[in-house]
Amino acid sequence: MTALPALSFAAFDETERLIGSLQCWPVALDFQTPLVLVGPVAVVPDLQRGGVGRIMMTRMIEAAESTRADPLVLIGDPEYYGRFFGFEAHWTKDWSVPGPVERRRLLARVPEGLTLPATGHLGPRLHNPGL
């Protein structure tokens with residue numbers, strides 16, 4: 001599986017040192033419902049909580065909206081990702097995923113007017129759209 005270039009970002013400081021990255025991946029629910037898995041979102045430790053991750057997330061969401069990308073899914077802090085980026089756990093509460101996950105941390109951001117299946121298994125996508 002290859003990351004989606006149009007939705008993956010890197011952040012550099014003024015010396016061109018890599019200070020953060022965000023990758024997005026094509027996944028699907030039951031091989032049929034296309035989704036974009038967001039993560040990892042990584043920022044060098046000494047710059048965490050400085051806004052780098054938030055800037056990358058904002059740019060990724062803007063890119064997803066402008067390209068009409070599939071709904072976004074991630075594993076993260078619901079208070080943070082819900083408050084700042086509109087991710088919600090109610091979409092995913094009855095999904096199964098590979099490996100253990102805290103149910104409240106599996107979140108989705110769904111464009112207005114769309115819905116997602118209430119149940120299903122999150123896994124690979126058979127076709128990569130190459131966004």
# chains A, B, ... in the order shown; residues from 1 in each chain; ligands from 1
>>> select_by_dssp(residues="stretch 1-117 of chain A", states="strand (DSSP E)", output="PyMOL selection string")
chain A and resi 9-12+18-29+33-43+72-75+94-96+106-109
>>> select_by_dssp(residues="chain A", states="alpha helix (DSSP H)", output="PyMOL selection string")
chain A and resi 52-66+78-85
>>> write_last_selection(atoms="N, CA and C atoms", output="short mmCIF file (atom, residue, chain, number, x, y, z; two decimals), in the first residue's frame")
data_model
loop_
_atom_site.label_atom_id
_atom_site.label_comp_id
_atom_site.auth_asym_id
_atom_site.auth_seq_id
_atom_site.Cartn_x
_atom_site.Cartn_y
_atom_site.Cartn_z
N VAL A 52 2.66 22.65 14.87
CA VAL A 52 3.10 22.03 13.62
C VAL A 52 2.11 20.96 13.19
N GLY A 53 1.71 20.08 14.09
CA GLY A 53 0.76 19.03 13.76
C GLY A 53 -0.59 19.59 13.35
N ARG A 54 -1.03 20.63 14.04
CA ARG A 54 -2.32 21.25 13.72
C ARG A 54 -2.29 21.86 12.32
N ILE A 55 -1.18 22.49 11.96
CA ILE A 55 -1.06 23.08 10.62
C ILE A 55 -1.12 21.98 9.56
N MET A 56 -0.40 20.88 9.78
CA MET A 56 -0.43 19.79 8.80
C MET A 56 -1.83 19.18 8.70
N MET A 57 -2.50 18.99 9.83
CA MET A 57 -3.86 18.45 9.81
C MET A 57 -4.80 19.39 9.05
N THR A 58 -4.68 20.68 9.31
CA THR A 58 -5.54 21.66 8.62
C THR A 58 -5.31 21.61 7.12
N ARG A 59 -4.06 21.56 6.71
CA ARG A 59 -3.76 21.49 5.27
C ARG A 59 -4.27 20.20 4.65
N MET A 60 -4.13 19.09 5.39
CA MET A 60 -4.61 17.81 4.87
C MET A 60 -6.12 17.84 4.71
N ILE A 61 -6.85 18.38 5.69
CA ILE A 61 -8.31 18.45 5.59
C ILE A 61 -8.72 19.37 4.44
N GLU A 62 -8.04 20.48 4.27
CA GLU A 62 -8.33 21.36 3.14
C GLU A 62 -8.11 20.64 1.82
N ALA A 63 -7.02 19.89 1.72
CA ALA A 63 -6.74 19.12 0.50
C ALA A 63 -7.79 18.04 0.29
N ALA A 64 -8.19 17.37 1.36
CA ALA A 64 -9.22 16.33 1.24
C ALA A 64 -10.53 16.93 0.76
N GLU A 65 -10.89 18.08 1.31
CA GLU A 65 -12.14 18.72 0.88
C GLU A 65 -12.06 19.20 -0.56
N SER A 66 -10.94 19.76 -0.95
CA SER A 66 -10.83 20.30 -2.31
C SER A 66 -10.78 19.20 -3.37
N PRO A 78 -10.15 11.80 21.10
CA PRO A 78 -11.40 12.36 20.59
C PRO A 78 -11.65 13.80 21.00
N GLU A 79 -11.18 14.19 22.18
CA GLU A 79 -11.37 15.57 22.60
C GLU A 79 -10.60 16.53 21.69
N TYR A 80 -9.40 16.17 21.31
CA TYR A 80 -8.58 17.03 20.44
C TYR A 80 -9.08 16.99 18.99
N TYR A 81 -9.16 15.80 18.42
CA TYR A 81 -9.53 15.69 17.01
C TYR A 81 -10.99 16.04 16.76
N GLY A 82 -11.83 15.86 17.74
CA GLY A 82 -13.22 16.29 17.61
C GLY A 82 -13.35 17.80 17.68
N ARG A 83 -12.72 18.38 18.66
CA ARG A 83 -12.83 19.83 18.87
C ARG A 83 -12.24 20.63 17.71
N PHE A 84 -11.07 20.25 17.27
CA PHE A 84 -10.38 21.07 16.27
C PHE A 84 -10.64 20.64 14.83
N PHE A 85 -11.00 19.38 14.59
CA PHE A 85 -11.07 18.90 13.21
C PHE A 85 -12.36 18.17 12.85
#
>>> residues_around(residues="stretch 17-23 of chain A", least_positions_apart="5", cutoff="7 Å", atoms="only C-alpha atoms", output="ChimeraX atom specification")
/A:3,7-12,38-44,52,56
>>> residues_around(residues="A:Glu102", least_positions_apart="2", cutoff="10 Å", atoms="only C-alpha atoms", output="count of residues only")
6
>>> atom_distance(atom1="atom CA of A:Leu72", atom2="atom CA of A:Cys24")
8.9 Å
>>> atom_distance(atom1="atom CA of A:Ser96", atom2="atom CA of A:Ala118")
10.6 Å
>>> closest_residue(among="A:Pro5, A:Pro111, A:Gly51, A:Pro34", to="A:Gly123", atoms="only C-alpha atoms")
A:Pro34
>>> closest_residue(among="A:Gln48, A:Thr15, A:Thr92, A:Thr33", to="A:Leu107", atoms="only C-alpha atoms")
A:Thr92
>>> atom_distance(atom1="atom CA of A:Val97", atom2="atom CA of A:His121")
5.7 Å
